[in-house]
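Novice: The structure that follows is given in the form of structure tokens.
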Amino acid sequence: MSDILRQDELVYVAPTEAPPPRRPPALMVGPLGWLRANLFSSRTNTLLTIITLLIVGWLLVSTGLWALRDAEWTVITSNLRLLLVGQYEPSQLWRVNLLALALLFLCGISISLWAKVTRAVLLTLIVVVLVMIVIPLGAGQLPPPSIRFIVPPDSEPAPLVFVGNAGEPVSVLVEPISSADATAASPVFVGFIENTAGLSNSRSIWNDVKAKAASGALDLSQYDLAFTIKLVDTAGETIASAEATPENPRVRLDAALPADGWYGVIAEKTDGSAGYAWVRLDGVQTFTTQSGDEAERIERYGLIPDTICPVGVRCRQVAERDLRFEGSRNLATYLSVQLVPFLNAVILPVIVGALIALGGSWLGYEVKRRNSVVKKTVSRWVVLAWVALLPVSWFVLRGIEGAATLPVVPTATWGGLLLTLVLTAVAIVLSFPLGVLLALGRWSNLSVVSGACTLFIEVVRGVPLITILFFAKLVVPFFLSASADVDQVIRMMIGLTLFTAAYIAEIVRGGLQIVPHGQIEAAHALGLNALYTTRLIVLPQALRAVIPAIMSQFVSLFKDTTLVSVVGLFELLGIIDFIVNGQQQYRGLQREAYLFVGVIYFVISFGMSTVSRWIEATGVGAARR
Amino acid sequence: MNEQHPQHFLGDTIIECRNVNKWFGEFHVLKDINMKVREREVVVICGPSGSGKSTLIRCINRLEQHQEGQIIVDGIELTNDVSNISAIRREIGMVFQQFNLFPHLTVLENITLAQRYVRQRPRVQAEEIALSLLERVGIPEQARKYPGQLSGGQQQRVAIARALAMNPKIMLFDEPTSALDPEMIKEVLDVMKELARSGMTMLCVTHEMGFAREVADRIIFMDSGRIVEIGTPEHFFVNPRHDRTKLFLSQIL
Ligand SMILES: Nc1ncnc2c1ncn2[C@@H]1O[C@H](COP(=O)(O)OP(=O)(O)OP(=O)(O)O)[C@@H](O)[C@H]1O
Ligand SMILES: [Mg+2]
């Protein structure tokens, strides 16, 4: 150590050999080092870490407990279609599904054609795309829930009517209610038909039975209920029947429906003194209780025939409105009762969607490996498909006047996630070019153009969105007087587009300002005209600089679409009100619905900002240095 | 004096300024500028900061507009006529102090862009030209990089190649080396010298007096917006007449 020269002396010469590099002290690297440096670096930091963890933990635990134990998620499962597509004509849902699949396929092929993706990004993208697109597919394939009603000893249950189509398998099961069922801490999960007619209200009977069995006022061990259970068709002809007797109470009817039409399940009491029995129906489509459905049902199947439901008798209908679910609350029942039906509803579409997307990306990958001519042609077609997607979607979703295969589905019936996504997509696609043009107009030297653009931008930005939407609702028809009945969805699209365009214009203007003047001079000096200079030199740099800001504007746009409820459109958030307050049996289940919808909003917004960060880091936005 | 001043090879007048005046608002920045540049001539403009050197050469490719007098380049007078301006700009290459490469494009794209959109050359041809020019300025291996990945000297050489790719008749240089570290100045000056020897008409604003002495046919000295003295290097360095010129030379040499 003696040869180390003192550096504070007047003259210092470093030794010829540089010392070998050493490892940093152990406590500064690795996960431990990270913890120390970031969470426990000082006393205050340690305290803050602990407090934050406690608060976050408490919130997570209490929300989790509520979600797994108390929440009634069936409101989501049984209203999934409303949430996803609103009141879009159910028989035309294939159009939505088709578009979703096309979108997935395009995403898949584009990713492997153009993106240099890491595996993590790929996975995130797949998940996001699946969540965004695939869930709507589930809407069409919701399995019908099991329907139950109670046959009490003291009265004859009203017939139950439903509509069925030829070939549908239907089963009817009679199960006596034992005292074990009625008093069990976690009784079987049941779907009730709840009818407004007092006596045949299975839910109140069930509650009554449970209460009496628990207090010992009712002895369920005596069972001498005897009745015939019949499945009858439109003409009142019996298709299948069985005798439920005290000795053999547990009977089952299985039948494949012979034709389209009305059917009834009738329990005819032969004798009875004590005991209660469930009648459970499986495979029966529930009536959707949304506006217009009833009229359409009557048109298709006729009125409920009095052969099944004689005049003066009040019948039960298998209507969504009248379905009520009740069950026990623990993780197992949560899974089987709340989660499994949901997953059952979405699993098929998720798989189909994933296969299509993966197929697309596999195709893209194969094409990419081929020679560049093939790649170029395919890329061109894919670009074309993206460009065509939105207009094509519009026509497919809305239909064409007078076309037999694509009848018009009025936009007023669109709702839920579908409406939210359509509004967002249209407004993004239209507002971006409009915003860029406005920014260029404001930036230009032509003072009239610049003044007009500035005026527009400032006016729109100075007014709340809701005002713009009202304006769009009331004023747009005057401008487009040729077609006086511009539908509300188009008006809202115009409002959202104008609003977003003004903000995009301001963002892009910021980007234009940071392009150094020397860039424009260099372009001019090379002989590039104003158009080329703007297109090839200025805009690419300006836009690249503002990608994050633009994407976050699009995320706000996505969330702002909720405001279209002011004109009576039920987008994803607005439809909750429709579900929860419009249907008596879902009263009080707002929390579940809002949480679910909140999660959807979050996932999509988060996906959008992830994509934005990814574009910034790898794609056209990558820093060039 | 020596063979690097090939006065006798000079062609016809290619740039002519007649009584050019320019104002920035109230500020009279160019005062009665009269000068001529002949084909294949190398003219260096020097003068103190703020004397209007940049403004003058920027007027020649119409990055700035003059308000009085005439500027005639290659037989075309510069007016507000857009087609005249673009015709002129096609014939004039310009190299800036701050390089002004396009940061979002690779070196190759920087050089091919204007060829393709202004000269309408097919991509393959434009790239061939670009690569041979990169070879000429000594950095063929940098073609796929982005400007931000190059040193200042390399960037300036790309900028020269970018201007040359348009096959200009005239090259304007506005202090091409003053943003560079001393180590890089030489590599840029070498390229410029080679260009001068190849017979390019050049108008350079520079403070590199060594360069001026070696390659300039004439030197123009400006002060406060007017031309104070014009002369050959011998005249200028050995025998300056105007007191302002003498003062300037005594300060920088
Ligand atoms: N766009 C402009 N607006 C107003 N004044 C300007 C503008 N550009 C230049 N000037 C002024 O004109 C004068 C000449 O500028 P110019 O850039 O031509 O000088 P220069 O000789 O190139 O100086 P330097 O050696 O510092 O580059 C300066 O006083 C400058 O402040
Ligand atoms: Mg200057």
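Simple scheme: letters A, B, ... for chains in structure tokens order, numbers from 1 for residues in each chain, numbers from 1 for ligands in the order shown.
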Give me, as a PyMOL selection string, the set of residues whose atoms come within 10 Å of any atom of ligand 1, counting only C-alpha atoms and all ligand atoms.

Specialist: chain B and resi 22-30+45-59+64+97+174-175+178+205-207+222-225

Novice: Mind writing the picked residues with C-alpha atoms as a short mmCIF file (atom, residue, chain, number, x, y, z; two decimals), in the first residue's frame?

Specialist:
```cif
data_model
loop_
_atom_site.label_atom_id
_atom_site.label_comp_id
_atom_site.auth_asym_id
_atom_site.auth_seq_id
_atom_site.Cartn_x
_atom_site.Cartn_y
_atom_site.Cartn_z
CA LYS B 22 -33.23 43.24 -46.42
CA TRP B 23 -34.82 44.28 -43.18
CA PHE B 24 -35.93 42.33 -40.15
CA GLY B 25 -38.76 44.63 -39.14
CA GLU B 26 -37.00 47.96 -38.67
CA PHE B 27 -33.55 46.42 -38.57
CA HIS B 28 -31.59 46.84 -41.80
CA VAL B 29 -29.69 43.59 -41.95
CA LEU B 30 -28.43 43.53 -45.58
CA ILE B 45 -17.79 34.74 -46.55
CA CYS B 46 -16.46 35.91 -43.25
CA GLY B 47 -17.11 38.69 -40.85
CA PRO B 48 -17.96 39.39 -37.24
CA SER B 49 -20.99 37.87 -35.55
CA GLY B 50 -24.26 39.51 -36.53
CA SER B 51 -22.89 40.97 -39.72
CA GLY B 52 -25.53 39.24 -41.86
CA LYS B 53 -23.51 36.39 -43.36
CA SER B 54 -26.12 33.75 -42.64
CA THR B 55 -28.90 36.02 -43.76
CA LEU B 56 -27.17 36.59 -47.07
CA ILE B 57 -26.67 32.97 -47.97
CA ARG B 58 -30.12 32.07 -46.72
CA CYS B 59 -31.51 34.65 -49.12
CA GLU B 64 -35.17 34.34 -46.17
CA GLN B 97 -24.27 24.79 -38.57
CA ASP B 174 -23.33 28.12 -43.08
CA GLU B 175 -20.55 27.68 -40.53
CA SER B 178 -18.48 25.76 -35.69
CA VAL B 205 -19.65 31.09 -44.33
CA THR B 206 -16.77 30.00 -42.14
CA HIS B 207 -14.18 31.21 -39.72
CA MET B 222 -18.93 41.56 -44.32
CA ASP B 223 -19.63 43.92 -41.49
CA SER B 224 -22.92 45.36 -40.23
CA GLY B 225 -24.89 44.10 -43.18
#
```

Novice: Please find the residues of chain B near chain A - the criterion being any atom within 8 Å, counting only C-alpha atoms - and write them as a list in words.

Specialist: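 So the residues of chain B near chain A are Asn61, Leu63, Ser86, Ala87, Arg89, Arg90, Ile92, Gly93, Met94, Phe96, Gln98, Asn100, Leu101, Phe102, Pro103, His104, Ala114, Tyr117, Val118, Tyr146, Pro147, Gly148, Gln149, Ala163 and Met166 of chain B.
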
Novice: List as a list in words the protein and nucleic acid residues near Glu194 (chain B), meaning an atom at most 12 Å away when only C-alpha atoms are counted, but skip any in the same chain fewer than 3 places from it.

Specialist: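 My reading of the contact set: Gln4, Val42, Arg136, Val137, Gly138, Ile160, Glu187, Val188, Leu189, Asp190, Val191, Arg197, Ser198, Gly199, Met200, Met202, Phe211, Glu214 and Val215 of chain B.
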
Novice: Take CA of Leu195 (chain B) and CA of Val43 (chain B) and report the distance between them in Å, one decimal.

Specialist: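 Distance between the two atoms: 13.0 Å.
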
Novice: Determine, counting only C-alpha atoms, which protein, DNA and RNA residues have an atom within 10 Å of an atom of Leu253 (chain B); residues of the same chain fewer than 2 positions away are not included. Present the result as an MDAnalysis selection string.

Specialist: chainID B and resid 209:210 237 248:251

Novice: In region 347-575 of chain A, what's helix (DSSP H, G or I) per DSSP? Answer as an NGL selection string?

Specialist: :A and (347-369 or 372-398 or 411-413 or 416-443 or 447-461 or 465-479 or 481-483 or 488-514 or 517-525 or 530-567 or 574-575)

Novice: Can you tell me, as a short mmCIF file (atom, residue, chain, number, x, y, z; two decimals) with N, CA, C and O atoms, in the first residue's frame, which residues in region 50-196 of chain B count as strand (DSSP E or B) by DSSP?

Specialist:
```cif
data_model
loop_
_atom_site.label_atom_id
_atom_site.label_comp_id
_atom_site.auth_asym_id
_atom_site.auth_seq_id
_atom_site.Cartn_x
_atom_site.Cartn_y
_atom_site.Cartn_z
N GLU B 68 -35.51 44.21 -51.39
CA GLU B 68 -35.16 45.10 -52.50
C GLU B 68 -34.03 44.48 -53.28
O GLU B 68 -33.24 43.71 -52.74
N GLY B 69 -33.95 44.84 -54.57
CA GLY B 69 -32.86 44.33 -55.38
C GLY B 69 -33.22 43.00 -56.00
O GLY B 69 -34.35 42.52 -55.88
N GLN B 70 -32.24 42.40 -56.66
CA GLN B 70 -32.50 41.15 -57.37
C GLN B 70 -31.46 40.11 -56.97
O GLN B 70 -30.29 40.43 -56.79
N ILE B 71 -31.92 38.89 -56.84
CA ILE B 71 -30.99 37.78 -56.70
C ILE B 71 -31.28 36.84 -57.86
O ILE B 71 -32.43 36.41 -58.04
N ILE B 72 -30.28 36.56 -58.65
CA ILE B 72 -30.48 35.71 -59.81
C ILE B 72 -29.59 34.48 -59.66
O ILE B 72 -28.37 34.61 -59.51
N VAL B 73 -30.20 33.34 -59.64
CA VAL B 73 -29.44 32.10 -59.48
C VAL B 73 -29.66 31.23 -60.70
O VAL B 73 -30.82 30.94 -61.04
N ILE B 76 -32.31 32.28 -63.03
CA ILE B 76 -33.69 32.45 -62.57
C ILE B 76 -33.71 33.50 -61.46
O ILE B 76 -32.93 33.40 -60.51
N GLU B 77 -34.59 34.46 -61.60
CA GLU B 77 -34.66 35.47 -60.54
C GLU B 77 -35.55 34.97 -59.41
O GLU B 77 -36.61 34.38 -59.65
N ILE B 92 -29.66 23.99 -55.45
CA ILE B 92 -28.78 24.48 -54.39
C ILE B 92 -28.83 23.53 -53.20
O ILE B 92 -29.90 23.25 -52.66
N GLY B 93 -27.68 23.04 -52.80
CA GLY B 93 -27.64 22.25 -51.57
C GLY B 93 -27.21 23.15 -50.43
O GLY B 93 -26.49 24.12 -50.64
N MET B 94 -27.67 22.82 -49.22
CA MET B 94 -27.27 23.68 -48.11
C MET B 94 -26.88 22.82 -46.91
O MET B 94 -27.52 21.81 -46.61
N VAL B 95 -25.83 23.24 -46.23
CA VAL B 95 -25.36 22.56 -45.03
C VAL B 95 -25.40 23.55 -43.88
O VAL B 95 -24.91 24.68 -44.02
N ILE B 170 -24.86 24.20 -56.87
CA ILE B 170 -24.25 25.11 -55.91
C ILE B 170 -24.41 24.52 -54.52
O ILE B 170 -25.44 23.94 -54.22
N MET B 171 -23.37 24.69 -53.71
CA MET B 171 -23.50 24.25 -52.31
C MET B 171 -23.30 25.46 -51.41
O MET B 171 -22.33 26.21 -51.56
N LEU B 172 -24.22 25.63 -50.45
CA LEU B 172 -24.08 26.70 -49.47
C LEU B 172 -23.70 26.06 -48.13
O LEU B 172 -24.29 25.06 -47.72
N PHE B 173 -22.73 26.64 -47.48
CA PHE B 173 -22.32 26.13 -46.15
C PHE B 173 -22.45 27.27 -45.15
O PHE B 173 -21.85 28.33 -45.35
N ASP B 174 -23.21 27.07 -44.11
CA ASP B 174 -23.33 28.12 -43.08
C ASP B 174 -22.61 27.65 -41.81
O ASP B 174 -23.19 26.95 -40.99
#
```

Novice: Go through B:Asn19, B:Arg62, B:Arg226, B:Cys204 one by one, measure the shortest atom-to-atom distance of each to ligand 2 using only C-alpha atoms and all ligand atoms, and give the residue with the smallest value.

Specialist: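 Smallest separation from ligand 2 among the options: B:Cys204.
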
Novice: If I take CA of Glu168 (chain A) and CA of Gly283 (chain A), how far is one from the other in Å, to one decimal?

Specialist: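 Taking CA of Glu168 (chain A) and CA of Gly283 (chain A), their separation equals 7.5 Å.
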
Novice: Of the candidates A:Phe570, A:Tyr586, A:Trp34, A:Tyr12, which shows the shortest atom-to-atom distance to Gly415 (chain A), using only C-alpha atoms?

Specialist: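 Once distances to Gly415 (chain A) are computed over only C-alpha atoms, the minimum belongs to A:Phe570.
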
Novice: Just to confirm, what's the straight-line distance from CA of Thr424 (chain A) to CA of Ala357 (chain A) in Å (one decimal)?

Specialist: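 That distance, rounded to one decimal, is 21.9 Å.
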
Novice: With only C-alpha atoms as the counted atoms, please give the residues lying no more than 7 Å from Ile266 (chain A), apart from itself and same-chain residues fewer than 3 positions off, as a VMD selection string.

Specialist: chain A and resid 159 to 160 229 to 231
